[in-house]
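In what follows, a single structure is set out as structure tokens and then discussed.
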Amino acid sequence: MAAAWLKDAVFYEIYPQSFYDTNGDGIGDINGIIEKLDYVKGLGCNALWINPCFDSPFKDAGYDVRDYKKVAPRYGTNEDLYRLFEEAHKKGIRVLLDLVPGHTSEEHPWFRESQKVEKNEYTDRYIWTDFCFQGAQGLPYIGGESERSGTYILNFFKCQPALNYGFLNPTEPWQKSFRDPAAIATREAIKDVMRFWLSHGCDGFRVDMAPSLVKNDDEKKSGTSAIWRDVRRMLNCEFPDAAMVSEWSNPKLSLRAGYDCDFCLNEPGSGYSTLMRDYGNGEDHSYFKKDAGGNINRFLDQYLDWYEDTKDLGYISLLTCNHDTIRPRYNLDEAELKIAYAFLFTMPGVPFLYYGDEIGMRYLDVPTKEGGYYRTGSRTPMQWTAGKNAGFSEGKAEDLYLPVDASEDAPNVADEEKDPASLLNTVKEILALRHSQKDLQADAPLEVICTEPGCPFVYRRGTITLALNPTGAEVSLPLKDVTGEVLYKIGEGSAADGKLVLGAQSFVAFR
Ligand code: NOJ
């Protein structure tokens, strides 16, 4: 069962290079995160997920780790990170690091050793074929880069060789079983990395590409799941409060493999993708886009199936966005975002807010950086003020990690703090509501009351009924048992005489 602190957790995802720069070099740093902890707390977030902040050549923004146990100098030192854990804990904020277990950088010393002809401790730390011209049974591979005669398997980009966790059913001499000592040694090495950071005060991990460990795994991911269950047993014994959140988007498997939470990802065809980003084929039918004719059932069909199957095992996480996804502000305006966030933050499970989404930061058209490609547009510096470099850095504009949003009306924290009706203040209010009501937290039940084809959605969490209408027209529903005191509302809404009336673009919480 998931760590108890997750029940009331709301995460804030920080892309460290773009959050807050305290030394003027144009790149965000750990001290910058420490300085902004009160801001995070003021939002109503009580947990952080920090994207990889470890030593790396940054060909994939740090998802190509060169040293798992060392903070990248551009972000500061290990001591800074330990201090972040301490300062965050003093304020009641937990900190998850990003664990990248499936691959390292091609510059990692393990890989350098593994490329050598002479056998050594790391010869089988990665997956190698037996011959320099040998294919890899459909898996992506590279040849011609090493003195060792063999090709090696990739897990993602060319710079990211796959670590060897073995194969479910080996069919070639070069394939090892996932129970082979070499595969077990990789698993132990990753546990060692986890122990290192947990014993220095971190509270757990967001796990990158969690289902990718065992190659030629079956549909149920039996091999990979066995490894995660083993990791979970270690955590239960040694760090029972630690949380594991998977990038998997298959809670039926991930939560059974020992994860506490699993993300819904914006994959084509996923239910989650229809909520805010259903514009892939030219027409926009996103549910939260006003009058786009969206239908909440396209989300619910998948979500409820997952939810019913896993509600006693752990949590499904709904995200505003992440560093791989186009910001929701790309196609939703402020009014639309308010209703979308009210929904995301009052559903079961543990929600995640991506830095800058709380002020409606835009997706920018910028050139690729560090392997970001289209994702780079969602990774630009946080906009704190209307001043120099949007208050992100005192450095020169040309030194910034990425350019800041230069538009006249670029949103920023300082201005939104002053405006009671801003998106930022709305986010604060919704999160305050969530924290004030046990029935709105991760494990309180969910009951769907009404999903009219016309668009409104009415749902119940324990004693609280929530009703939302993302369209531009008032709707009236004959719902007798929706009554009670209005705890919170966006727009207009009321329930009386057996009728629920929801104004255009409204959200109401009744008790
Ligand atoms: C998923 C991460 O979120 C993404 O940013 C990264 O490029 C790949 N995994 C590879 O690690």
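Chain lettering (A, B, ...) mirrors the order of the structure tokens, residue numbering begins at 1 for each chain separately, and ligand numbering begins at 1 in order of display.
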
Who sits within 9 Å of segment 309-311 of chain A, only C-alpha atoms, same chain under 6 positions skipped, as an MDAnalysis selection string = chainID A and resid 251:252 255:256 349 443 445

Restricted to N, CA, C and O atoms, what would the selected residues look like written as a short mmCIF file (atom, residue, chain, number, x, y, z; two decimals), in the first residue's frame?
```cif
data_model
loop_
_atom_site.label_atom_id
_atom_site.label_comp_id
_atom_site.auth_asym_id
_atom_site.auth_seq_id
_atom_site.Cartn_x
_atom_site.Cartn_y
_atom_site.Cartn_z
N PRO A 251 -1.58 1.69 -15.11
CA PRO A 251 -1.64 1.44 -13.67
C PRO A 251 -1.98 0.00 -13.31
O PRO A 251 -1.57 -0.48 -12.25
N LYS A 252 -2.70 -0.70 -14.20
CA LYS A 252 -3.04 -2.10 -13.87
C LYS A 252 -1.76 -2.91 -13.69
O LYS A 252 -1.71 -3.86 -12.91
N LEU A 255 0.99 -0.52 -10.75
CA LEU A 255 0.66 -0.51 -9.33
C LEU A 255 0.80 -1.93 -8.75
O LEU A 255 1.15 -2.09 -7.58
N ARG A 256 0.61 -2.93 -9.60
CA ARG A 256 0.85 -4.31 -9.15
C ARG A 256 2.34 -4.62 -9.08
O ARG A 256 2.75 -5.57 -8.43
N GLY A 349 -6.45 10.14 -6.66
CA GLY A 349 -5.04 9.99 -7.04
C GLY A 349 -4.24 11.21 -6.65
O GLY A 349 -4.73 12.12 -5.99
N ASP A 443 -7.30 9.14 -1.84
CA ASP A 443 -7.96 7.84 -1.73
C ASP A 443 -9.46 7.90 -1.43
O ASP A 443 -10.09 6.86 -1.26
N PRO A 445 -13.35 8.04 -2.25
CA PRO A 445 -13.98 7.38 -3.41
C PRO A 445 -14.43 8.35 -4.51
O PRO A 445 -14.58 9.54 -4.27
#
```

Show me, as a Markdown table, the residues of chain A having an atom within 12 Å of ligand 1, each with the closest atom pair and its distance in Å, using only C-alpha atoms and all ligand atoms.
```
| residue | atom | partner | partner_atom_place_in_ligand_line | distance |
| --- | --- | --- | --- | --- |
| A:Glu13 | CA | ligand 1 | 3 (O) | 11.6 |
| A:Tyr15 | CA | ligand 1 | 5 (O) | 10.3 |
| A:Trp49 | CA | ligand 1 | 3 (O) | 11.8 |
| A:Ile50 | CA | ligand 1 | 3 (O) | 11.4 |
| A:Asn51 | CA | ligand 1 | 3 (O) | 8.3 |
| A:Pro52 | CA | ligand 1 | 5 (O) | 9.3 |
| A:Phe58 | CA | ligand 1 | 7 (O) | 10.5 |
| A:Lys59 | CA | ligand 1 | 7 (O) | 9.3 |
| A:Asp60 | CA | ligand 1 | 7 (O) | 5.6 |
| A:Ala61 | CA | ligand 1 | 5 (O) | 7.3 |
| A:Gly62 | CA | ligand 1 | 11 (O) | 8.3 |
| A:Tyr63 | CA | ligand 1 | 11 (O) | 4.6 |
| A:Asp64 | CA | ligand 1 | 11 (O) | 6.9 |
| A:Val65 | CA | ligand 1 | 11 (O) | 9.3 |
| A:Asp98 | CA | ligand 1 | 3 (O) | 9.3 |
| A:Leu99 | CA | ligand 1 | 11 (O) | 9.5 |
| A:Val100 | CA | ligand 1 | 11 (O) | 6.6 |
| A:Pro101 | CA | ligand 1 | 11 (O) | 8.9 |
| A:Gly102 | CA | ligand 1 | 11 (O) | 7.8 |
| A:His103 | CA | ligand 1 | 11 (O) | 7.5 |
| A:Thr104 | CA | ligand 1 | 11 (O) | 8.8 |
| A:Ser105 | CA | ligand 1 | 11 (O) | 9.9 |
| A:Leu154 | CA | ligand 1 | 10 (C) | 10.7 |
| A:Asn155 | CA | ligand 1 | 10 (C) | 7.7 |
| A:Phe156 | CA | ligand 1 | 10 (C) | 5.7 |
| A:Phe157 | CA | ligand 1 | 10 (C) | 7.4 |
| A:Lys158 | CA | ligand 1 | 10 (C) | 10.8 |
| A:Cys159 | CA | ligand 1 | 10 (C) | 10.1 |
| A:Gln160 | CA | ligand 1 | 11 (O) | 7.9 |
| A:Pro161 | CA | ligand 1 | 11 (O) | 10.7 |
| A:Ala162 | CA | ligand 1 | 11 (O) | 10.4 |
| A:Arg206 | CA | ligand 1 | 3 (O) | 9.7 |
| A:Val207 | CA | ligand 1 | 1 (C) | 8.9 |
| A:Asp208 | CA | ligand 1 | 1 (C) | 5.4 |
| A:Met209 | CA | ligand 1 | 9 (N) | 5.5 |
| A:Ala210 | CA | ligand 1 | 9 (N) | 9.2 |
| A:Pro211 | CA | ligand 1 | 9 (N) | 11.0 |
| A:Ser212 | CA | ligand 1 | 9 (N) | 10.0 |
| A:Ser246 | CA | ligand 1 | 1 (C) | 10.5 |
| A:Glu247 | CA | ligand 1 | 1 (C) | 7.4 |
| A:Trp248 | CA | ligand 1 | 1 (C) | 9.7 |
| A:Ser249 | CA | ligand 1 | 1 (C) | 11.9 |
| A:Phe263 | CA | ligand 1 | 3 (O) | 11.1 |
| A:Leu265 | CA | ligand 1 | 3 (O) | 10.1 |
| A:Asn266 | CA | ligand 1 | 3 (O) | 11.5 |
| A:Cys321 | CA | ligand 1 | 3 (O) | 11.2 |
| A:Asn322 | CA | ligand 1 | 3 (O) | 7.8 |
| A:His323 | CA | ligand 1 | 5 (O) | 6.4 |
| A:Asp324 | CA | ligand 1 | 5 (O) | 5.5 |
| A:Thr325 | CA | ligand 1 | 3 (O) | 9.1 |
| A:Lys369 | CA | ligand 1 | 7 (O) | 11.8 |
| A:Glu370 | CA | ligand 1 | 7 (O) | 9.6 |
| A:Gly371 | CA | ligand 1 | 7 (O) | 7.4 |
| A:Gly372 | CA | ligand 1 | 7 (O) | 7.4 |
| A:Tyr373 | CA | ligand 1 | 7 (O) | 10.0 |
| A:Tyr374 | CA | ligand 1 | 5 (O) | 11.3 |
| A:Arg375 | CA | ligand 1 | 5 (O) | 8.3 |
| A:Thr376 | CA | ligand 1 | 5 (O) | 10.1 |
| A:Ser378 | CA | ligand 1 | 5 (O) | 11.3 |
| A:Arg379 | CA | ligand 1 | 5 (O) | 10.6 |
```

- Task: Looking only at strand (DSSP E or B) from DSSP on the backbone, list the matching residues of segment 49-229 of chain A as a PyMOL selection string.
- Result: chain A and resi 49-50+54-55+67-71+94-99+103+126+128+141-142+152-154+161-163+167+177+204-207+215

message = Can you tell me which residues surround Ala406 of chain A at a distance of at most 10 Å, considering only C-alpha atoms, apart from same-chain residues fewer than 2 positions away, and format the answer as a PyMOL selection string?
response = chain A and resi 364+386+389-390+403-404+408-410

Could you write out the selected residues, including N, CA, C and O atoms, as a short mmCIF file (atom, residue, chain, number, x, y, z; two decimals), in the first residue's frame?
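What follows is the written file part17.cif:
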```cif
data_model
loop_
_atom_site.label_atom_id
_atom_site.label_comp_id
_atom_site.auth_asym_id
_atom_site.auth_seq_id
_atom_site.Cartn_x
_atom_site.Cartn_y
_atom_site.Cartn_z
N LEU A 364 6.40 27.71 -26.35
CA LEU A 364 7.09 28.66 -27.23
C LEU A 364 7.72 27.96 -28.44
O LEU A 364 8.13 26.80 -28.34
N ALA A 386 7.81 40.79 -14.53
CA ALA A 386 7.82 41.42 -15.86
C ALA A 386 9.19 42.04 -16.15
O ALA A 386 9.40 42.65 -17.19
N ASN A 389 14.83 39.33 -17.95
CA ASN A 389 14.80 37.86 -18.09
C ASN A 389 13.62 37.23 -17.34
O ASN A 389 13.72 36.12 -16.81
N ALA A 390 12.52 37.97 -17.27
CA ALA A 390 11.32 37.50 -16.57
C ALA A 390 11.62 37.13 -15.12
O ALA A 390 10.91 36.32 -14.52
N PRO A 403 15.50 31.05 -24.31
CA PRO A 403 14.95 32.40 -24.20
C PRO A 403 13.66 32.42 -23.38
O PRO A 403 12.92 31.43 -23.37
N VAL A 404 13.42 33.57 -22.73
CA VAL A 404 12.15 33.69 -22.01
C VAL A 404 11.08 34.18 -22.99
O VAL A 404 11.39 34.70 -24.06
N GLU A 408 4.56 40.76 -25.05
CA GLU A 408 4.08 41.85 -24.17
C GLU A 408 3.25 41.31 -23.02
O GLU A 408 3.35 41.78 -21.90
N ASP A 409 2.38 40.35 -23.35
CA ASP A 409 1.44 39.87 -22.34
C ASP A 409 1.87 38.52 -21.75
O ASP A 409 1.04 37.74 -21.31
N ALA A 410 3.19 38.26 -21.74
CA ALA A 410 3.66 37.01 -21.14
C ALA A 410 3.23 36.99 -19.67
O ALA A 410 3.46 37.97 -18.95
#
```

Closest atom pairs, residues of segment 370-449 of chain A within 8 Å of segment 3-12 of chain A, only C-alpha atoms, as CSV:
```
residue,atom,partner,partner_atom,distance
A:His435,CA,A:Asp8,CA,6.6
A:Gln441,CA,A:Asp8,CA,5.6
A:Ala442,CA,A:Lys7,CA,4.8
A:Asp443,CA,A:Lys7,CA,6.3
```

Next on the checklist: Calculated over only C-alpha atoms, which of the candidates A:Val40, A:Phe111, A:Asp124, A:Gly269 has the smallest distance to Val95 of chain A?
Outcome noted: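 Among A:Val40, A:Phe111, A:Asp124, A:Gly269, it is A:Val40 that comes nearest to Val95 of chain A.
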
- From A:Ala473, A:Met194, A:Ala2, A:Val350, residue lying nearest Pro240 of chain A [only C-alpha atoms]: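 Looking at the shortest contact to Pro240 of chain A, the residue is A:Ala2.
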
Problem - Non-local contacts of segment 420-428 of chain A (8 Å; only C-alpha atoms; under 2 positions in same chain excluded) as an MDAnalysis selection string - result: chainID A and resid 42:44 334 337:338 341:342 358:360 413 416:418 430:432

message: Which residues are near Ile449 of chain A? Cut-off 7 Å, only C-alpha atoms, ignore same chain within fewer than 6 positions. Put them as a list in words.
response: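 Counting only C-alpha atoms, the residues come to Val458, Tyr459 and Arg460 of chain A.
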
Please save N, CA and C atoms of the selected residues as a compact mmCIF listing (two decimals), in the first residue's frame.
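Contents of selection37.txt, freshly written:
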```txt
# COMPACT_ATOMS: atom_id res chain seq x y z
N VAL A 458 -20.71 15.61 -13.75
CA VAL A 458 -21.00 15.71 -12.32
C VAL A 458 -20.46 14.45 -11.65
N TYR A 459 -19.69 14.63 -10.60
CA TYR A 459 -19.07 13.48 -9.92
C TYR A 459 -19.07 13.72 -8.43
N ARG A 460 -18.99 12.61 -7.68
CA ARG A 460 -19.05 12.73 -6.23
C ARG A 460 -17.79 12.14 -5.63
```

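When only C-alpha atoms are used to measure the gap to Ser222 of chain A, the shortest distance among A:Val117, A:Cys202, A:Met382, A:Leu253 belongs to A:Leu253.
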
Which one of A:Gly204, A:Gly138, A:Pro328, A:Gly484 sits closest to Tyr354 of chain A if you count only C-alpha atoms?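 Distance minimum relative to Tyr354 of chain A lands on A:Pro328.
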
- Task: List every residue of segment 274-426 of chain A that DSSP, applied to the backbone of this structure, places in alpha helix (DSSP H), and write the result as a VMD selection string.
- Result: chain A and resid 274 to 276 297 to 310 334 to 344 413 to 418 423 to 426
